[in-house]
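Source file: input_32.cif (mmCIF, C-alpha atoms)
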```cif
data_target
loop_
_atom_site.label_atom_id
_atom_site.label_comp_id
_atom_site.auth_asym_id
_atom_site.auth_seq_id
_atom_site.Cartn_x
_atom_site.Cartn_y
_atom_site.Cartn_z
CA GLY A 274 48.21 220.27 181.43
CA GLU A 275 45.11 218.16 181.19
CA ASN A 276 41.99 220.14 180.40
CA VAL A 277 38.41 219.47 179.31
CA GLU A 278 36.33 222.27 177.82
CA GLN A 279 32.55 221.88 177.77
CA HIS A 280 29.94 223.94 175.86
CA PRO A 281 27.42 225.38 176.22
CA SER A 282 27.31 226.28 179.91
CA THR A 283 23.50 226.54 179.79
CA LEU A 284 21.01 225.02 177.36
CA SER A 285 17.26 225.51 177.26
CA VAL A 286 15.07 223.36 174.98
CA GLN A 287 11.38 222.58 174.54
CA GLU A 288 10.14 219.19 175.60
CA GLY A 289 10.53 216.77 172.70
CA ASP A 290 13.44 218.63 171.12
CA SER A 291 17.01 217.32 170.97
CA ALA A 292 19.91 218.60 173.06
CA VAL A 293 23.60 218.42 172.21
CA ILE A 294 26.50 219.10 174.58
CA LYS A 295 30.06 219.22 173.28
CA CYS A 296 33.42 218.66 174.94
CA THR A 297 37.03 219.01 173.87
CA TYR A 298 39.97 217.41 175.66
CA SER A 299 43.66 218.29 175.57
CA ASP A 300 45.46 215.08 176.57
CA SER A 301 45.83 212.87 173.50
CA ALA A 302 46.46 209.88 175.82
CA SER A 303 42.87 210.09 177.12
CA ASN A 304 41.01 206.88 176.36
CA TYR A 305 37.85 206.87 178.45
CA PHE A 306 35.05 209.45 178.25
CA PRO A 307 32.10 209.22 180.67
CA TRP A 308 29.11 211.52 181.01
CA TYR A 309 27.46 212.29 184.35
CA LYS A 310 24.07 213.76 185.23
CA GLN A 311 23.69 215.71 188.45
CA GLU A 312 20.23 216.68 189.64
CA LEU A 313 19.88 219.55 192.10
CA GLY A 314 21.28 218.61 195.49
CA LYS A 315 22.18 215.09 194.37
CA ARG A 316 25.32 213.19 193.48
CA PRO A 317 26.66 212.98 189.89
CA GLN A 318 25.51 209.74 188.28
CA LEU A 319 27.07 207.98 185.30
CA ILE A 320 24.64 207.93 182.36
CA ILE A 321 26.81 206.74 179.48
CA ASP A 322 30.46 206.30 178.60
CA ILE A 323 32.62 205.62 175.56
CA ARG A 324 36.12 204.29 175.09
CA SER A 325 38.65 205.42 172.54
CA ASN A 326 38.27 202.34 170.36
CA VAL A 327 34.62 203.18 169.62
CA GLY A 328 33.23 206.11 167.62
CA GLU A 329 29.63 206.08 168.82
CA LYS A 330 27.48 204.51 171.53
CA LYS A 331 23.75 204.69 172.07
CA ASP A 332 21.48 203.87 175.00
CA GLN A 333 17.79 204.56 174.35
CA ARG A 334 17.41 208.36 174.08
CA ILE A 335 21.04 209.21 174.76
CA ALA A 336 24.07 208.77 172.52
CA VAL A 337 27.70 209.77 172.66
CA THR A 338 30.07 210.33 169.75
CA LEU A 339 33.85 210.52 169.83
CA ASN A 340 36.24 212.07 167.30
CA LYS A 341 39.73 211.13 168.47
CA THR A 342 41.49 213.04 165.72
CA ALA A 343 39.81 216.30 166.68
CA LYS A 344 39.74 215.38 170.40
CA HIS A 345 36.02 216.11 170.55
CA PHE A 346 33.17 214.13 172.09
CA SER A 347 29.49 214.96 172.35
CA LEU A 348 26.35 213.93 174.19
CA HIS A 349 23.08 213.79 172.28
CA ILE A 350 19.72 213.55 174.03
CA THR A 351 16.68 213.02 171.82
CA GLU A 352 13.00 213.52 172.68
CA THR A 353 13.91 215.48 175.79
CA GLN A 354 11.62 215.30 178.82
CA PRO A 355 11.34 217.64 181.85
CA GLU A 356 13.07 215.00 184.01
CA ASP A 357 16.16 215.39 181.80
CA SER A 358 16.65 218.83 183.38
CA ALA A 359 19.94 218.69 185.33
CA VAL A 360 23.62 219.59 185.14
CA TYR A 361 25.56 217.36 182.75
CA PHE A 362 29.31 216.83 183.02
CA CYS A 363 31.67 215.31 180.50
CA ALA A 364 34.99 213.87 181.65
CA ALA A 365 38.15 212.38 180.21
CA SER A 366 40.57 209.88 181.67
CA GLY A 367 43.97 208.60 180.66
CA GLY A 368 47.14 207.24 182.18
CA ASN A 369 47.12 204.60 184.89
CA THR A 370 45.60 206.47 187.83
CA GLY A 371 41.95 206.48 186.77
CA LYS A 372 41.82 210.22 187.34
CA LEU A 373 38.84 211.88 185.63
CA ILE A 374 39.16 215.48 184.49
CA PHE A 375 35.70 217.02 184.34
CA GLY A 376 34.31 219.69 182.05
CA GLN A 377 32.72 222.78 183.57
CA GLY A 378 29.18 221.38 183.33
CA THR A 379 26.09 222.24 181.25
CA THR A 380 22.84 223.19 182.92
CA LEU A 381 20.06 221.72 180.75
CA GLN A 382 16.54 223.02 181.18
CA VAL A 383 13.71 221.21 179.39
CA LYS A 384 10.56 223.33 179.26
CA PRO A 385 7.25 221.46 179.26
CA ASP B 48 22.23 199.17 200.62
CA THR B 49 24.24 202.34 199.84
CA ALA B 50 27.24 201.71 197.57
CA VAL B 51 29.32 204.77 198.56
CA SER B 52 28.33 206.44 201.79
CA GLN B 53 29.65 209.68 203.24
CA THR B 54 29.17 211.22 206.64
CA PRO B 55 28.19 213.79 207.61
CA LYS B 56 25.88 215.10 204.89
CA TYR B 57 26.05 218.65 206.22
CA LEU B 58 28.80 220.30 208.22
CA VAL B 59 28.67 223.88 209.50
CA THR B 60 31.69 225.03 211.45
CA GLN B 61 33.66 228.09 212.40
CA MET B 62 36.90 229.27 210.83
CA GLY B 63 39.95 227.76 212.44
CA ASN B 64 38.25 224.52 213.47
CA ASP B 65 39.37 221.01 212.45
CA LYS B 66 36.86 218.61 210.92
CA SER B 67 36.72 215.17 209.30
CA ILE B 68 34.57 213.61 206.60
CA LYS B 69 34.26 209.84 206.34
CA CYS B 70 33.67 207.71 203.26
CA GLU B 71 33.01 204.01 202.87
CA GLN B 72 32.29 201.89 199.80
CA ASN B 73 30.93 198.35 199.66
CA LEU B 74 31.49 197.80 195.93
CA GLY B 75 34.85 196.06 196.28
CA HIS B 76 36.51 198.82 194.25
CA ASP B 77 40.27 199.29 194.51
CA THR B 78 40.38 203.04 193.92
CA MET B 79 38.81 205.87 195.89
CA TYR B 80 38.81 209.63 195.31
CA TRP B 81 37.98 212.96 196.91
CA TYR B 82 36.59 215.70 194.69
CA LYS B 83 35.67 219.27 195.60
CA GLN B 84 32.65 220.89 193.92
CA ASP B 85 32.68 224.67 194.22
CA SER B 86 29.79 227.12 194.01
CA LYS B 87 30.06 227.13 190.19
CA LYS B 88 29.57 223.35 190.19
CA PHE B 89 33.11 222.66 188.97
CA LEU B 90 34.36 219.20 190.05
CA LYS B 91 38.07 219.18 190.88
CA ILE B 92 40.05 216.15 192.00
CA MET B 93 41.91 216.42 195.30
CA PHE B 94 43.22 212.96 196.15
CA SER B 95 43.11 209.37 195.02
CA TYR B 96 44.05 206.14 196.78
CA ASN B 97 44.52 202.72 195.23
CA ASN B 98 44.45 199.86 197.72
CA LYS B 99 45.37 202.19 200.61
CA GLU B 100 48.22 203.80 198.66
CA LEU B 101 48.12 207.51 197.75
CA ILE B 102 48.42 207.82 193.97
CA ILE B 103 47.10 211.31 193.27
CA ASN B 104 47.72 214.40 195.35
CA GLU B 105 46.71 217.48 193.41
CA THR B 106 47.83 220.94 194.51
CA VAL B 107 45.80 220.90 197.71
CA PRO B 108 46.85 222.86 200.83
CA ASN B 109 48.63 220.83 203.51
CA ARG B 110 45.66 221.50 205.79
CA PHE B 111 43.87 218.71 203.91
CA SER B 112 45.02 215.22 204.85
CA PRO B 113 43.44 212.05 203.47
CA LYS B 114 43.69 208.72 205.25
CA SER B 115 42.80 205.28 203.96
CA PRO B 116 42.82 202.62 206.71
CA ASP B 117 41.74 199.97 204.20
CA LYS B 118 40.61 199.92 200.59
CA ALA B 119 36.95 200.33 201.53
CA HIS B 120 37.47 203.54 203.49
CA LEU B 121 38.86 206.97 202.62
CA ASN B 122 38.57 209.78 205.11
CA LEU B 123 39.40 213.46 204.75
CA HIS B 124 40.65 215.57 207.63
CA ILE B 125 40.81 219.34 207.31
CA ASN B 126 42.77 221.52 209.74
CA SER B 127 42.35 225.23 210.41
CA LEU B 128 39.27 225.60 208.22
CA GLU B 129 39.00 228.74 206.08
CA LEU B 130 36.02 230.45 204.46
CA GLY B 131 37.26 229.33 201.02
CA ASP B 132 36.96 225.69 202.05
CA SER B 133 33.18 225.99 201.87
CA ALA B 134 32.06 223.60 199.12
CA VAL B 135 30.50 220.20 198.53
CA TYR B 136 33.03 217.39 198.94
CA PHE B 137 32.34 214.16 197.05
CA CYS B 138 33.90 210.81 197.68
CA ALA B 139 33.92 208.37 194.78
CA SER B 140 35.19 204.91 193.98
CA SER B 141 35.98 202.97 190.82
CA LEU B 142 37.52 199.71 189.64
CA GLY B 143 40.47 201.72 188.32
CA GLN B 144 41.70 203.30 185.12
CA GLY B 145 39.17 203.44 182.35
CA GLU B 146 36.20 202.80 184.62
CA GLY B 147 33.40 205.07 185.74
CA TYR B 148 33.03 206.45 189.23
CA THR B 149 30.30 205.81 191.76
CA PHE B 150 29.92 208.97 193.83
CA GLY B 151 28.86 209.32 197.42
CA SER B 152 25.99 211.65 198.30
CA GLY B 153 28.35 214.50 199.13
CA THR B 154 29.16 216.55 202.23
CA ARG B 155 28.16 220.21 202.14
CA LEU B 156 30.77 222.04 204.23
CA THR B 157 30.00 225.60 205.29
CA VAL B 158 32.68 227.56 207.11
CA VAL B 159 31.40 230.65 208.94
#
```

Take the structure in this file and express it as structure tokens.
Amino acid sequence: GENVEQHPSTLSVQEGDSAVIKCTYSDSASNYFPWYKQELGKRPQLIIDIRSNVGEKKDQRIAVTLNKTAKHFSLHITETQPEDSAVYFCAASGGNTGKLIFGQGTTLQVKP
Amino acid sequence: DTAVSQTPKYLVTQMGNDKSIKCEQNLGHDTMYWYKQDSKKFLKIMFSYNNKELIINETVPNRFSPKSPDKAHLNLHINSLELGDSAVYFCASSLGQGEGYTFGSGTRLTVV
């Protein structure tokens, strides 16, 4: 069935360093790949997304890359700041229902 | 002006009770969802409605019954609550396939 694997489950970096989170999806029909940030006690919020016709997308300090052949996509955060500390979820969507299958989440801690 | 609003925010109830969670969106989206987030933060889809029509019904116990009176509202009724139902339930909406979700603020359900 549909599955999204996300790694690592926890990530600790020093302020100013880069952070990379990786996801793998199983459904080759998936064509939309959003990333969500969830702060403690808050709702998940969309931070960036990429569609299958694009290999890379960047928005200020965050970027996402997609390798359709390998069914991998990754989130890159540069110059990390303490306020980047949160749980990050990748997701994949395909078919005509709009259903998002989420990865297991990565808890990112940025140490000042 | 909240885009996706859920009520109540917290719900503490005894085993065996019946409870409802309400969700409303003012974004004009056609599709609405219920997701369950367990204690390990995993987000799992339960139901989805498109324009009042049920389009996704994952393997959820029959005790859970969604209702969509119109495309701006999606409610969740739970019968005979069990300890394992304790979780955060998120409502979300989107324009449809290949579009990101806007999540509600979540309802933390605790069954004692």

For atom CA of B:Tyr136 and atom CA of B:Leu156, determine how far apart the two atoms are, in Å to one decimal place.
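Computing it gives 7.4 Å between the two atoms.
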
Can you tell me which residues surround stretch 343-351 of chain A at a distance of at most 6 Å, considering only C-alpha atoms, apart from same-chain residues fewer than 6 positions away, and format the answer as number ranges by chain?
A: 291-298, 334-337

Once you have the residues from the selection above, write them out as a PDB file, keeping the file's coordinate frame, restricted to C-alpha atoms.
```pdb
ATOM      1  CA  SER A 291      17.010 217.320 170.970  1.00  0.00           C
ATOM      2  CA  ALA A 292      19.910 218.600 173.060  1.00  0.00           C
ATOM      3  CA  VAL A 293      23.600 218.420 172.210  1.00  0.00           C
ATOM      4  CA  ILE A 294      26.500 219.100 174.580  1.00  0.00           C
ATOM      5  CA  LYS A 295      30.060 219.220 173.280  1.00  0.00           C
ATOM      6  CA  CYS A 296      33.420 218.660 174.940  1.00  0.00           C
ATOM      7  CA  THR A 297      37.030 219.010 173.870  1.00  0.00           C
ATOM      8  CA  TYR A 298      39.970 217.410 175.660  1.00  0.00           C
ATOM      9  CA  ARG A 334      17.410 208.360 174.080  1.00  0.00           C
ATOM     10  CA  ILE A 335      21.040 209.210 174.760  1.00  0.00           C
ATOM     11  CA  ALA A 336      24.070 208.770 172.520  1.00  0.00           C
ATOM     12  CA  VAL A 337      27.700 209.770 172.660  1.00  0.00           C
TER      13      VAL A 337
END
```

For a quick test of understanding: name the residues of chain A lying within 9 Å of chain B when counting all atoms listed in the file, and present them as JSON, numbers by chain.
{"A": [304, 305, 306, 307, 314, 315, 316, 317, 318, 319, 322, 324, 360, 362, 366, 367, 368, 369, 370, 371, 372, 373, 374, 375, 376, 377, 378]}

Neighbours of point (35.7, 210.8, 206.0) within 10 Å, using only C-alpha atoms, written as a PyMOL selection string
chain B and resi 52-55+66-71+81+113-115+120-124+138+154

How many Å separate atom CA of B:Thr60 from atom CA of B:Asp85?
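Distance reported for this atom pair: 17.3 Å.
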
Counting only C-alpha atoms, closest pick from B:Thr106, B:Asn64, B:Ser140, B:Ser133 relative to B:Asp77 is B:Ser140

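Atom to atom, atom CA of A:Lys384 and atom CA of A:Glu352 stand 12.1 Å apart.
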